[in-house]
$ cat run.tsv   # TSV, C-alpha atoms
chain	number	residue	atom	x	y	z
Q	1318	MET	CA	-101.37	66.24	-102.61
Q	1319	THR	CA	-100.09	69.70	-101.93
Q	1320	GLU	CA	-98.48	71.54	-104.80
Q	1321	PRO	CA	-94.69	71.57	-104.23
Q	1322	ASN	CA	-94.29	74.99	-105.83
Q	1323	MET	CA	-97.14	76.59	-103.95
Q	1324	PRO	CA	-95.96	79.85	-102.30
Q	1325	VAL	CA	-95.02	79.43	-98.68
Q	1326	THR	CA	-97.22	81.20	-96.12
Q	1327	GLU	CA	-96.09	82.74	-92.86
Q	1328	ASP	CA	-98.05	80.07	-91.01
Q	1329	GLU	CA	-95.92	77.46	-92.71
Q	1330	LEU	CA	-92.74	79.18	-91.62
Q	1331	HIS	CA	-93.94	79.03	-88.03
Q	1332	ALA	CA	-95.00	75.43	-88.50
Q	1333	LEU	CA	-91.53	74.59	-89.78
Q	1334	VAL	CA	-89.90	76.06	-86.67
Q	1335	ASP	CA	-92.40	74.29	-84.41
Q	1336	ASN	CA	-92.22	70.90	-86.16
Q	1337	GLU	CA	-95.86	71.17	-87.10
Q	1338	LEU	CA	-95.34	71.16	-90.85
Q	1339	PRO	CA	-96.83	68.20	-92.75
Q	1340	ALA	CA	-94.03	66.01	-94.06
Q	1341	ASP	CA	-95.01	66.61	-97.68
Q	1342	ARG	CA	-94.42	70.37	-97.40
Q	1343	ARG	CA	-91.15	70.27	-95.56
Q	1344	ALA	CA	-88.86	70.02	-98.58
Q	1345	ALA	CA	-90.78	72.74	-100.40
Q	1346	VAL	CA	-90.54	75.16	-97.49
Q	1347	GLU	CA	-86.86	74.48	-97.00
Q	1348	ASN	CA	-86.22	75.07	-100.67
Q	1349	TRP	CA	-88.18	78.30	-100.49
Q	1350	LEU	CA	-85.91	79.57	-97.72
Q	1351	LYS	CA	-82.85	79.08	-99.94
Q	1352	THR	CA	-84.20	81.61	-102.40
Q	1353	HIS	CA	-85.94	83.95	-99.94
Q	1354	PRO	CA	-83.32	85.36	-97.56
Q	1355	ASP	CA	-85.84	87.58	-95.72
Q	1356	ASP	CA	-87.93	84.60	-94.74
Q	1357	ALA	CA	-84.81	82.61	-93.92
Q	1358	ALA	CA	-83.69	85.42	-91.62
Q	1359	ARG	CA	-87.05	85.45	-89.88
Q	1360	VAL	CA	-86.96	81.71	-89.34
Q	1361	ALA	CA	-83.43	81.99	-87.98
Q	1362	ALA	CA	-84.52	84.80	-85.62
Q	1363	TRP	CA	-87.44	82.73	-84.34
Q	1364	ARG	CA	-85.15	79.78	-83.71
Q	1365	ALA	CA	-82.68	81.99	-81.87
Q	1366	MET	CA	-85.59	83.32	-79.82
Q	1367	GLY	CA	-86.53	79.77	-78.86
Q	1368	ASN	CA	-82.94	79.04	-77.87
Q	1369	ALA	CA	-82.83	82.18	-75.75
Q	1370	MET	CA	-86.03	81.15	-73.98
Q	1371	HIS	CA	-84.62	77.72	-73.23
Q	1372	ALA	CA	-81.34	79.23	-72.08
Q	1373	ARG	CA	-83.15	81.63	-69.77
Q	1374	TYR	CA	-85.83	79.37	-68.29
Q	1375	GLY	CA	-84.85	75.77	-69.08
Q	1376	GLY	CA	-82.75	75.50	-65.93
Q	1377	VAL	CA	-85.79	76.08	-63.70
Q	1378	ALA	CA	-86.93	72.53	-64.43
Q	1379	ASP	CA	-83.60	71.20	-63.12
Q	1380	GLU	CA	-83.85	73.01	-59.80
Q	1381	PRO	CA	-84.80	70.89	-56.81
Q	1382	VAL	CA	-88.54	71.18	-56.17
Q	1383	PRO	CA	-89.17	73.33	-53.06
Q	1384	THR	CA	-90.67	71.41	-50.17
Q	1385	ARG	CA	-93.81	73.49	-50.20
Q	1386	LEU	CA	-94.63	71.99	-53.60
Q	1387	GLU	CA	-94.32	68.39	-52.48
Q	1388	LEU	CA	-97.53	66.57	-53.25
Q	1389	GLU	CA	-97.53	64.67	-49.96
Q	1390	ARG	CA	-97.55	67.92	-48.04
Q	1391	LEU	CA	-100.15	69.53	-50.22
Q	1392	ALA	CA	-102.39	66.50	-50.06
Q	1393	THR	CA	-102.46	66.48	-46.27
Q	1394	GLN	CA	-102.84	70.23	-45.98
Q	1395	PRO	CA	-106.36	71.42	-45.34
Q	1396	ARG	CA	-107.83	74.11	-47.51
Q	1397	ARG	CA	-105.82	77.24	-48.13
Q	1398	TRP	CA	-106.42	79.52	-45.22
Q	1399	MET	CA	-107.67	82.54	-47.08
Q	1400	ILE	CA	-110.59	80.57	-48.40
Q	1401	GLY	CA	-111.01	78.71	-45.12
Q	1402	ALA	CA	-110.00	80.38	-41.92
Q	1403	ALA	CA	-109.85	83.94	-43.14
Q	1404	ALA	CA	-113.26	83.70	-44.69
Q	1405	ALA	CA	-114.52	82.33	-41.40
Q	1406	VAL	CA	-112.85	85.19	-39.58
Q	1407	LEU	CA	-114.40	87.77	-41.87
Q	1408	LEU	CA	-117.76	86.08	-41.47
Q	1409	ALA	CA	-117.39	86.11	-37.71
Q	1410	PHE	CA	-116.78	89.83	-37.91
Q	1411	ALA	CA	-119.69	90.44	-40.18
Q	1412	VAL	CA	-122.14	88.37	-38.18
Q	1413	GLY	CA	-120.80	88.66	-34.66
Q	1414	GLY	CA	-119.89	92.26	-34.25
Q	1415	GLY	CA	-120.15	92.10	-30.49
Q	1416	VAL	CA	-119.61	89.12	-28.25
Q	1417	GLY	CA	-119.03	86.52	-30.90
Q	1418	TRP	CA	-116.25	88.16	-32.79
Q	1419	PHE	CA	-113.39	86.63	-31.02
Q	1420	ALA	CA	-113.81	82.95	-30.66
Q	1421	ARG	CA	-112.97	81.98	-27.11
Q	1422	GLU	CA	-113.66	78.34	-27.75
Q	1423	ALA	CA	-110.66	78.21	-30.03
Q	1424	ALA	CA	-108.55	79.50	-27.19
Q	1425	ALA	CA	-110.06	77.02	-24.76
Q	1426	ALA	CA	-109.26	74.14	-27.07
Q	1427	VAL	CA	-105.55	74.80	-27.00
Q	1428	ALA	CA	-105.36	76.10	-23.44
Q	1429	THR	CA	-103.61	73.07	-22.01
Q	1430	ALA	CA	-100.10	73.48	-20.56
Q	1431	PRO	CA	-98.39	76.77	-21.41
Q	1432	ASP	CA	-100.31	77.97	-24.42
Q	1433	PRO	CA	-97.97	78.51	-27.40
Q	1434	VAL	CA	-100.39	81.06	-28.81
Q	1435	ASP	CA	-100.22	83.16	-25.66
Q	1436	ALA	CA	-96.47	82.76	-25.58
Q	1437	MET	CA	-96.27	83.97	-29.16
Q	1438	ARG	CA	-98.50	86.93	-28.39
Q	1439	GLU	CA	-96.31	87.85	-25.42
Q	1440	GLU	CA	-93.18	87.68	-27.56
Q	1441	ALA	CA	-94.69	89.79	-30.29
Q	1442	PHE	CA	-96.04	92.34	-27.86
Q	1443	ALA	CA	-92.71	92.60	-26.07
Q	1444	ALA	CA	-90.92	93.05	-29.40
Q	1445	HIS	CA	-93.43	95.70	-30.38
Q	1446	ARG	CA	-92.92	97.71	-27.22
Q	1447	LEU	CA	-89.16	97.34	-27.31
Q	1448	TYR	CA	-88.61	98.30	-30.93
Q	1449	ILE	CA	-91.18	101.02	-31.47
Q	1450	GLY	CA	-89.29	103.00	-28.84
Q	1451	GLU	CA	-86.10	102.87	-30.85
Q	1452	VAL	CA	-85.53	106.13	-32.64
Q	1453	ARG	CA	-82.46	105.29	-34.67
Q	1454	HIS	CA	-82.67	101.52	-35.03
Q	1455	PRO	CA	-86.30	100.44	-34.93
Q	1456	ILE	CA	-85.65	97.97	-37.71
Q	1457	GLU	CA	-82.86	95.85	-39.05
Q	1458	VAL	CA	-83.51	96.12	-42.78
Q	1459	ARG	CA	-85.25	99.06	-44.38
Q	1460	ALA	CA	-88.29	98.62	-46.60
Q	1461	GLU	CA	-86.36	100.14	-49.50
Q	1462	GLU	CA	-83.93	97.23	-49.50
Q	1463	ASN	CA	-85.49	94.78	-51.87
Q	1464	HIS	CA	-84.04	91.78	-50.07
Q	1465	LEU	CA	-86.14	92.47	-46.95
Q	1466	LEU	CA	-89.13	90.29	-47.79
Q	1467	PRO	CA	-87.25	87.47	-49.57
Q	1468	TRP	CA	-84.89	87.26	-46.61
Q	1469	LEU	CA	-87.62	87.15	-43.96
Q	1470	SER	CA	-89.66	84.77	-46.12
Q	1471	ARG	CA	-86.75	82.39	-46.34
Q	1472	ARG	CA	-86.18	82.44	-42.61
Q	1473	ILE	CA	-89.78	81.84	-41.60
Q	1474	GLY	CA	-90.46	79.39	-44.43
Q	1475	MET	CA	-93.38	81.25	-45.96
Q	1476	THR	CA	-93.74	83.88	-48.64
Q	1477	LEU	CA	-94.18	86.99	-46.57
Q	1478	ARG	CA	-95.92	89.92	-48.19
Q	1479	ALA	CA	-95.99	93.30	-46.53
Q	1480	PRO	CA	-99.62	94.44	-46.53
Q	1481	ASP	CA	-100.26	97.88	-47.93
Q	1482	LEU	CA	-101.61	99.86	-44.97
Q	1483	SER	CA	-101.52	103.25	-46.66
Q	1484	LYS	CA	-105.23	103.73	-46.15
Q	1485	PHE	CA	-104.44	103.88	-42.43
Q	1486	ASP	CA	-101.72	106.40	-43.23
Q	1487	LEU	CA	-99.16	103.72	-42.33
Q	1488	LYS	CA	-95.98	103.33	-44.31
Q	1489	LEU	CA	-93.69	100.31	-44.12
Q	1490	LEU	CA	-90.42	101.20	-42.42
Q	1491	GLY	CA	-88.81	97.80	-42.66
Q	1492	GLY	CA	-88.43	94.68	-40.64
Q	1493	ARG	CA	-86.31	92.44	-38.53
Q	1494	LEU	CA	-85.81	88.80	-37.71
Q	1495	LEU	CA	-86.54	87.67	-34.14
Q	1496	PRO	CA	-86.32	84.45	-32.18
Q	1497	GLY	CA	-89.87	83.12	-31.90
Q	1498	ILE	CA	-91.37	80.15	-30.08
Q	1499	GLY	CA	-89.11	77.42	-31.39
Q	1500	ALA	CA	-88.82	79.03	-34.82
Q	1501	PRO	CA	-87.71	82.36	-36.28
Q	1502	ALA	CA	-90.23	85.17	-36.39
Q	1503	ALA	CA	-90.55	88.14	-38.73
Q	1504	LEU	CA	-91.49	91.60	-37.53
Q	1505	LEU	CA	-92.58	94.30	-39.98
Q	1506	MET	CA	-92.86	97.84	-38.72
Q	1507	TYR	CA	-95.11	100.58	-40.06
Q	1508	GLU	CA	-95.19	104.24	-39.16
Q	1509	ASN	CA	-97.68	107.04	-39.79
Q	1510	SER	CA	-96.93	110.70	-40.42
Q	1511	ALA	CA	-97.35	111.39	-36.70
Q	1512	GLY	CA	-94.68	108.84	-35.84
Q	1513	GLU	CA	-97.15	106.32	-34.46
Q	1514	ARG	CA	-95.95	102.77	-35.05
Q	1515	VAL	CA	-97.71	99.51	-35.77
Q	1516	THR	CA	-96.03	96.12	-36.08
Q	1517	LEU	CA	-96.99	92.90	-37.79
Q	1518	TYR	CA	-95.41	89.76	-36.36
Q	1519	THR	CA	-95.57	86.28	-37.80
Q	1520	THR	CA	-93.94	82.97	-36.99
Q	1521	PRO	CA	-94.50	79.28	-37.68
Q	1522	LEU	CA	-96.73	77.98	-34.89
Q	1523	LYS	CA	-98.13	74.51	-34.33
Q	1524	ALA	CA	-101.47	75.48	-32.90
Q	1525	GLN	CA	-105.10	75.19	-33.70
Q	1526	ARG	CA	-106.45	77.75	-36.11
Q	1527	SER	CA	-108.19	80.65	-34.39
Q	1528	SER	CA	-109.96	83.85	-35.19
Q	1529	PHE	CA	-108.97	87.32	-33.96
Q	1530	ARG	CA	-108.30	87.91	-30.29
Q	1531	TYR	CA	-107.80	91.38	-28.90
Q	1532	GLN	CA	-105.72	92.27	-25.88
Q	1533	GLU	CA	-104.86	95.60	-24.32
Q	1534	ALA	CA	-102.15	96.72	-21.90
Q	1535	ASP	CA	-101.22	100.27	-20.98
Q	1536	LYS	CA	-102.07	102.20	-24.13
Q	1537	PHE	CA	-100.95	99.40	-26.44
Q	1538	ALA	CA	-103.00	96.60	-27.84
Q	1539	SER	CA	-102.63	93.57	-30.06
Q	1540	ILE	CA	-104.79	91.34	-32.15
Q	1541	HIS	CA	-103.55	87.84	-32.80
Q	1542	TRP	CA	-104.73	84.83	-34.69
Q	1543	VAL	CA	-103.47	81.50	-35.98
Q	1544	ALA	CA	-103.93	80.16	-39.47
Q	1545	ASP	CA	-102.30	77.39	-41.44
Q	1546	ASN	CA	-99.60	76.77	-38.83
Q	1547	TYR	CA	-98.60	80.41	-38.63
Q	1548	GLY	CA	-99.30	82.74	-35.79
Q	1549	TRP	CA	-99.89	86.43	-36.50
Q	1550	VAL	CA	-99.88	89.43	-34.18
Q	1551	VAL	CA	-100.72	93.00	-35.07
Q	1552	SER	CA	-99.73	95.45	-32.33
Q	1553	GLY	CA	-100.25	99.16	-32.07
Q	1554	PRO	CA	-101.92	101.92	-30.08
Q	1555	ALA	CA	-104.95	100.76	-28.10
Q	1556	ASP	CA	-107.71	101.57	-30.55
Q	1557	LYS	CA	-109.78	98.46	-31.06
Q	1558	PRO	CA	-111.79	99.34	-34.19
Q	1559	ARG	CA	-108.72	100.70	-35.96
Q	1560	LEU	CA	-106.49	97.77	-35.01
Q	1561	LYS	CA	-109.23	95.42	-36.10
Q	1562	SER	CA	-109.36	97.08	-39.52
Q	1563	ILE	CA	-105.59	96.89	-39.81
Q	1564	ALA	CA	-105.59	93.20	-38.89
Q	1565	MET	CA	-108.28	92.56	-41.47
Q	1566	ALA	CA	-106.27	94.36	-44.14
Q	1567	ALA	CA	-103.26	92.25	-43.19
Q	1568	ILE	CA	-105.18	89.00	-43.36
Q	1569	GLU	CA	-106.76	89.90	-46.67
Q	1570	GLN	CA	-103.55	90.98	-48.31
Q	1571	SER	CA	-101.30	88.27	-47.01
Q	1572	GLU	CA	-103.02	85.74	-49.25
Q	1573	ARG	CA	-104.15	87.86	-52.17
Q	1574	ARG	CA	-102.10	87.26	-55.26
Y	55	MET	CA	-105.31	53.79	-66.04
Y	56	ILE	CA	-102.14	55.66	-65.32
Y	57	ALA	CA	-101.32	56.55	-61.73
Y	58	PHE	CA	-102.53	60.03	-60.96
Y	59	ARG	CA	-100.10	61.30	-58.36
Y	60	PRO	CA	-96.85	60.13	-59.98
Y	61	SER	CA	-97.99	61.71	-63.23
Y	62	VAL	CA	-98.73	65.01	-61.52
Y	63	GLU	CA	-95.49	64.84	-59.59
Y	64	ALA	CA	-93.46	64.28	-62.75
Y	65	MET	CA	-94.89	67.51	-64.14
Y	66	ILE	CA	-93.86	69.80	-61.28
Y	67	PRO	CA	-90.47	70.83	-62.76
Y	68	ALA	CA	-92.06	71.70	-66.11
Y	69	LEU	CA	-94.89	73.60	-64.43
Y	70	ARG	CA	-92.37	75.62	-62.47
Y	71	ARG	CA	-90.47	76.46	-65.65
Y	72	TYR	CA	-93.65	77.55	-67.44
Y	73	ALA	CA	-94.86	79.56	-64.45
Y	74	ARG	CA	-91.49	81.26	-64.04
Y	75	ALA	CA	-91.42	82.36	-67.65
Y	76	LEU	CA	-95.06	83.37	-67.50
Y	77	THR	CA	-94.73	85.56	-64.40
Y	78	ARG	CA	-90.98	86.31	-64.35
Y	79	ASP	CA	-91.12	86.18	-60.55
Y	80	ALA	CA	-89.90	83.07	-58.75
Y	81	ASP	CA	-92.18	83.46	-55.72
Y	82	VAL	CA	-95.31	84.26	-57.65
Y	83	ALA	CA	-94.49	81.39	-60.02
Y	84	ASP	CA	-94.22	78.83	-57.23
Y	85	ASP	CA	-97.40	80.18	-55.67
Y	86	LEU	CA	-99.13	79.53	-58.98
Y	87	VAL	CA	-97.72	76.03	-59.17
Y	88	GLN	CA	-98.82	75.37	-55.60
Y	89	ASP	CA	-102.36	76.54	-56.33
Y	90	THR	CA	-102.37	74.42	-59.47
Y	91	LEU	CA	-101.29	71.32	-57.56
Y	92	VAL	CA	-103.81	71.90	-54.78
Y	93	ARG	CA	-106.60	72.17	-57.35
Y	94	ALA	CA	-105.35	69.11	-59.17
Y	95	LEU	CA	-105.29	67.08	-55.96
Y	96	ARG	CA	-108.78	68.24	-55.14
Y	97	SER	CA	-109.96	66.85	-58.46
Y	98	GLU	CA	-108.08	63.58	-58.06
Y	99	LYS	CA	-111.24	61.55	-57.63
Y	100	LEU	CA	-112.82	63.11	-60.68
Y	101	PHE	CA	-109.91	62.09	-62.84
Y	102	HIS	CA	-110.66	59.19	-65.17
Y	103	GLY	CA	-107.66	59.15	-67.43
Y	104	GLY	CA	-106.82	61.68	-70.08
Y	105	ASP	CA	-103.99	64.07	-70.70
Y	106	ILE	CA	-102.73	65.15	-67.27
Y	107	ARG	CA	-100.07	67.33	-68.81
Y	108	SER	CA	-102.48	69.51	-70.81
Y	109	TRP	CA	-104.88	69.58	-67.91
Y	110	LEU	CA	-102.26	70.92	-65.50
Y	111	TYR	CA	-101.11	73.58	-67.98
Y	112	THR	CA	-104.75	74.57	-68.40
Y	113	ILE	CA	-105.26	75.03	-64.65
Y	114	LEU	CA	-102.09	77.04	-64.32
Y	115	THR	CA	-102.89	79.23	-67.33
Y	116	ASN	CA	-106.36	79.98	-65.96
Y	117	LEU	CA	-105.11	80.70	-62.45
Y	118	ASN	CA	-102.57	83.11	-63.86
Y	119	ARG	CA	-105.28	84.89	-65.82
Y	120	ASN	CA	-107.34	85.27	-62.63
Y	121	ARG	CA	-104.33	86.50	-60.76
Y	122	ARG	CA	-103.59	89.13	-63.37
Y	123	ARG	CA	-107.19	90.28	-63.35
Y	124	SER	CA	-107.11	90.87	-59.62
Y	125	LEU	CA	-103.73	92.60	-59.92
Y	126	ALA	CA	-105.07	94.89	-62.60
Y	127	ARG	CA	-107.46	96.38	-60.07
Y	128	ARG	CA	-104.59	97.55	-57.92
Y	129	PRO	CA	-101.81	99.98	-58.72
Y	130	GLN	CA	-98.78	98.12	-59.98
Y	131	VAL	CA	-95.23	98.43	-58.83
Y	132	SER	CA	-93.20	97.51	-61.83
Y	133	GLN	CA	-89.71	96.22	-61.48
Y	134	LEU	CA	-87.00	98.33	-62.99
Y	135	ASN	CA	-84.24	96.62	-64.86
Y	136	GLU	CA	-81.90	99.57	-64.78
Y	137	ASP	CA	-79.73	98.03	-62.09
Y	138	ASP	CA	-78.54	95.20	-64.30
Y	139	GLU	CA	-75.00	94.35	-63.40
Y	140	PRO	CA	-72.51	95.77	-65.85
Y	141	GLY	CA	-70.33	92.66	-65.84
Y	142	ALA	CA	-73.09	90.43	-67.18
Y	143	ASN	CA	-71.87	88.15	-69.94
Y	144	GLY	CA	-73.54	87.61	-73.28
Y	145	THR	CA	-75.89	84.85	-72.17
Y	146	GLU	CA	-77.14	86.83	-69.21
Y	147	ALA	CA	-77.70	89.90	-71.33
Y	148	GLU	CA	-79.57	87.77	-73.82
Y	149	GLY	CA	-81.63	86.30	-70.99
Y	150	ARG	CA	-82.60	89.78	-69.89
Y	151	ASP	CA	-83.51	90.77	-73.42
Y	152	ILE	CA	-85.83	87.81	-73.82
Y	153	GLU	CA	-87.29	88.41	-70.38
Y	154	ARG	CA	-88.05	92.02	-71.21
Y	155	ALA	CA	-89.48	91.08	-74.58
Y	156	LEU	CA	-91.78	88.48	-73.00
Y	157	ALA	CA	-92.89	91.03	-70.44
Y	158	GLY	CA	-94.13	93.25	-73.25
Y	159	LEU	CA	-96.51	90.63	-74.65
Y	160	VAL	CA	-100.19	90.43	-73.91
Y	161	GLU	CA	-101.06	87.49	-71.74
Y	162	GLU	CA	-102.59	85.17	-74.36
Y	163	GLN	CA	-99.68	85.65	-76.73
Y	164	ARG	CA	-97.09	85.06	-74.03
Y	165	SER	CA	-98.84	81.91	-72.90
Y	166	ALA	CA	-99.17	80.58	-76.48
Y	167	LEU	CA	-95.52	81.27	-77.25
Y	168	LEU	CA	-94.28	79.66	-74.02
Y	169	LEU	CA	-96.46	76.59	-74.35
Y	170	VAL	CA	-95.29	75.94	-77.90
Y	171	VAL	CA	-91.63	76.93	-77.68
Y	172	LEU	CA	-90.65	76.28	-74.06
Y	173	GLU	CA	-93.04	73.47	-73.18
Y	174	GLY	CA	-93.14	71.81	-76.60
Y	175	MET	CA	-96.93	71.57	-76.80
Y	176	THR	CA	-98.56	71.08	-80.18
Y	177	TYR	CA	-100.79	73.75	-81.70
Y	178	ARG	CA	-103.76	71.48	-81.06
Y	179	GLU	CA	-102.90	71.05	-77.39
Y	180	VAL	CA	-102.44	74.79	-76.94
Y	181	ALA	CA	-105.79	75.39	-78.62
Y	182	GLU	CA	-107.39	73.12	-76.02
Y	183	ILE	CA	-105.52	74.73	-73.13
Y	184	GLN	CA	-106.50	78.22	-74.22
Y	185	GLY	CA	-109.96	77.18	-75.31
Y	186	VAL	CA	-109.67	78.72	-78.77
Y	187	PRO	CA	-109.44	77.42	-82.37
Y	188	ILE	CA	-106.04	76.41	-83.75
Y	189	GLY	CA	-106.09	79.41	-86.10
Y	190	THR	CA	-106.23	81.73	-83.09
Y	191	VAL	CA	-103.26	79.97	-81.51
Y	192	MET	CA	-101.29	80.41	-84.71
Y	193	SER	CA	-102.07	84.09	-84.99
Y	194	ARG	CA	-101.18	84.61	-81.31
Y	195	LEU	CA	-97.91	82.84	-81.93
Y	196	ALA	CA	-97.16	84.91	-85.02
Y	197	ARG	CA	-97.91	88.18	-83.23
Y	198	ALA	CA	-95.90	87.11	-80.20
Y	199	ARG	CA	-92.86	86.30	-82.33
Y	200	ALA	CA	-93.11	89.53	-84.29
Y	201	HIS	CA	-93.33	91.49	-81.06
Y	202	VAL	CA	-90.44	89.70	-79.37
Y	203	LYS	CA	-88.26	90.12	-82.45
Y	204	MET	CA	-89.05	93.83	-82.58
Y	205	SER	CA	-88.28	94.21	-78.90
Y	206	ILE	CA	-84.94	92.40	-79.18
Y	207	ASP	CA	-83.94	94.25	-82.36
Y	208	GLY	CA	-84.93	97.53	-80.72
Y	209	GLU	CA	-82.73	96.68	-77.76
Y	210	LYS	CA	-79.75	96.21	-80.08
Y	211	VAL	CA	-80.45	99.51	-81.82
Y	212	THR	CA	-80.51	101.35	-78.50
Y	213	LEU	CA	-77.24	99.76	-77.47
Y	214	ARG	CA	-75.58	100.72	-80.72
Y	215	ARG	CA	-76.80	104.27	-80.37
Y	216	VAL	CA	-75.44	104.53	-76.85
Y	217	LYS	CA	-72.02	103.29	-77.96

$ encode --input "run.tsv" --output "structure tokens"
Amino acid sequence: MTEPNMPVTEDELHALVDNELPADRRAAVENWLKTHPDDAARVAAWRAMGNAMHARYGGVADEPVPTRLELERLATQPRRWMIGAAAAVLLAFAVGGGVGWFAREAAAAVATAPDPVDAMREEAFAAHRLYIGEVRHPIEVRAEENHLLPWLSRRIGMTLRAPDLSKFDLKLLGGRLLPGIGAPAALLMYENSAGERVTLYTTPLKAQRSSFRYQEADKFASIHWVADNYGWVVSGPADKPRLKSIAMAAIEQSERR
Amino acid sequence: MIAFRPSVEAMIPALRRYARALTRDADVADDLVQDTLVRALRSEKLFHGGDIRSWLYTILTNLNRNRRRSLARRPQVSQLNEDDEPGANGTEAEGRDIERALAGLVEEQRSALLLVVLEGMTYREVAEIQGVPIGTVMSRLARARAHVKMSIDGEKVTLRRVK
């Protein structure tokens, strides 16, 4: 049907490389390449490009699938927490404002035996007070080291992202790994130009999801919450509205891609 | 009807490969795959046969487009490649070249090129995934290849000049 001597188009050259060329044009295109070295060179370059792509990325498909991508796990998991719990938290803030904004009923529901949420909050608060006082070694790994977040993420089993708190004049100093309640915990430390420090603590925690809870003790305060089997604690100077804004920034950014 | 979950499961390695090449960041890539799988599972009951493979690539491609849109609204921290180890052998250097070249492509071209070359999808399938006519896929592919070739050739020229 097609004319064997018809000039070869660029589309046909691509189709040849991609095995999309109709069988009746194949011989014609291959013959064309014998007498058109420029086109032959292009085809060769495209094939080399394909080989380089396979060499670079092909191995990814042979890697073991990370557990967090196992279908069984994903199927049993409730909705992602940013669209579930965090939205509920933000809503609670927007609507509640006063009394309703920290949900006590969530606390009551898990308040049997020693509460793991309270234990976590105590740990985080103690770590905050201990390490913000350190002048020379407040952190273990500096923010500039690009292995900081991958390392902490690996240890706590979740992709940890350091929220950008620059609008609160807070700059990430770095972080450290801590023993948590039955699992490792990550502590990120921020500092403002006045040397004031704020920490963000997170650790795997089997507890019921909760919205923000605020607690204050001699000039320091913390806000903690639980979402998707992780507990979070933001600690800093006792300034409720500011800490609340910081916690909201953290919750928003920890799931934003 | 084919079993839904085993078919999705069998696609996870390929989705990870595509996502990794698309984003060039292992964490972001697996996040994308996770979001894709969660959405797929949510639609399990709506599934009445059809091409699971194309469908999954479509979800992932769309999610990545959304992700990039939301990233575009924030200042970007771009990764520098200046600290490449000097002892890298030929294959590694080539891998970096292709990575850099892919990074320079616009999203639609990168996705078209990866789906055809890396994932072995047909032009027709890619047209469906991207929601455009086949002619558009072919021109995206042609522009992507021209751009990658230029980038790789340029890399060689720079190297020669330095030496």

$ interface_residues --input "run.tsv" --of "chain Q" --to "chain Y" --cutoff "8 Å" --atoms "all atoms listed in the file" --output "mmCIF file with C-alpha atoms, in the frame of the given file"
data_model
loop_
_atom_site.group_PDB
_atom_site.id
_atom_site.type_symbol
_atom_site.label_atom_id
_atom_site.label_comp_id
_atom_site.auth_asym_id
_atom_site.auth_seq_id
_atom_site.Cartn_x
_atom_site.Cartn_y
_atom_site.Cartn_z
ATOM 1 C CA ASP Q 1328 -98.050 80.070 -91.010
ATOM 2 C CA HIS Q 1331 -93.940 79.030 -88.030
ATOM 3 C CA ASP Q 1335 -92.400 74.290 -84.410
ATOM 4 C CA GLU Q 1337 -95.860 71.170 -87.100
ATOM 5 C CA ALA Q 1362 -84.520 84.800 -85.620
ATOM 6 C CA TRP Q 1363 -87.440 82.730 -84.340
ATOM 7 C CA MET Q 1366 -85.590 83.320 -79.820
ATOM 8 C CA GLY Q 1367 -86.530 79.770 -78.860
ATOM 9 C CA ALA Q 1369 -82.830 82.180 -75.750
ATOM 10 C CA MET Q 1370 -86.030 81.150 -73.980
ATOM 11 C CA HIS Q 1371 -84.620 77.720 -73.230
ATOM 12 C CA ALA Q 1372 -81.340 79.230 -72.080
ATOM 13 C CA ARG Q 1373 -83.150 81.630 -69.770
ATOM 14 C CA TYR Q 1374 -85.830 79.370 -68.290
ATOM 15 C CA GLY Q 1375 -84.850 75.770 -69.080
ATOM 16 C CA GLY Q 1376 -82.750 75.500 -65.930
ATOM 17 C CA VAL Q 1377 -85.790 76.080 -63.700
ATOM 18 C CA ALA Q 1378 -86.930 72.530 -64.430
ATOM 19 C CA ASP Q 1379 -83.600 71.200 -63.120
ATOM 20 C CA GLU Q 1380 -83.850 73.010 -59.800
ATOM 21 C CA VAL Q 1382 -88.540 71.180 -56.170
ATOM 22 C CA ARG Q 1385 -93.810 73.490 -50.200
ATOM 23 C CA LEU Q 1386 -94.630 71.990 -53.600
ATOM 24 C CA LEU Q 1388 -97.530 66.570 -53.250
ATOM 25 C CA LEU Q 1391 -100.150 69.530 -50.220
ATOM 26 C CA ALA Q 1392 -102.390 66.500 -50.060
ATOM 27 C CA THR Q 1476 -93.740 83.880 -48.640
ATOM 28 C CA ARG Q 1574 -102.100 87.260 -55.260
#

$ closest_residue --input "run.tsv" --among "Q:Ile1456, Q:Glu1513, Q:Gly1450, Q:Ala1500" --to "Q:Asn1546" --atoms "only C-alpha atoms"
Q:Ala1500

$ atom_distance --input "run.tsv" --atom1 "atom CA of Q:Lys1561" --atom2 "atom CA of Q:Leu1482"
12.5 Å

$ closest_residue --input "run.tsv" --among "Y:Leu117, Y:Ser205, Y:Glu161, Y:Thr112" --to "Y:Gly185" --atoms "all atoms listed in the file"
Y:Thr112

$ atom_distance --input "run.tsv" --atom1 "atom CA of Y:Ala181" --atom2 "atom CA of Q:Val1334"
17.8 Å

$ atom_distance --input "run.tsv" --atom1 "atom CA of Q:Glu1439" --atom2 "atom CA of Q:Ala1566"
22.2 Å

$ closest_residue --input "run.tsv" --among "Q:Val1458, Q:Ile1563, Q:Ala1524, Q:Leu1469" --to "Q:Pro1501" --atoms "all atoms listed in the file"
Q:Leu1469

$ residues_around --input "run.tsv" --residues "Q:Leu1477" --least-positions-apart "5" --cutoff "8 Å" --atoms "only C-alpha atoms" --output "ChimeraX atom specification"
/Q:1466-1467,1469-1470,1571

$ closest_residue --input "run.tsv" --among "Q:Leu1494, Q:Gly1474, Q:Ala1344, Q:Val1325" --to "Q:Thr1384" --atoms "all atoms listed in the file"
Q:Gly1474

$ decode --input "run.tsv" --residues "stretch 1539-1543 of chain Q" --atoms "C-alpha atoms" --output "tab-separated table (two decimals), in the first residue's frame"
chain	number	residue	atom	x	y	z
Q	1539	SER	CA	3.82	22.29	74.16
Q	1540	ILE	CA	1.11	21.35	71.76
Q	1541	HIS	CA	0.73	17.70	70.93
Q	1542	TRP	CA	-1.47	15.60	68.74
Q	1543	VAL	CA	-1.69	12.11	67.29
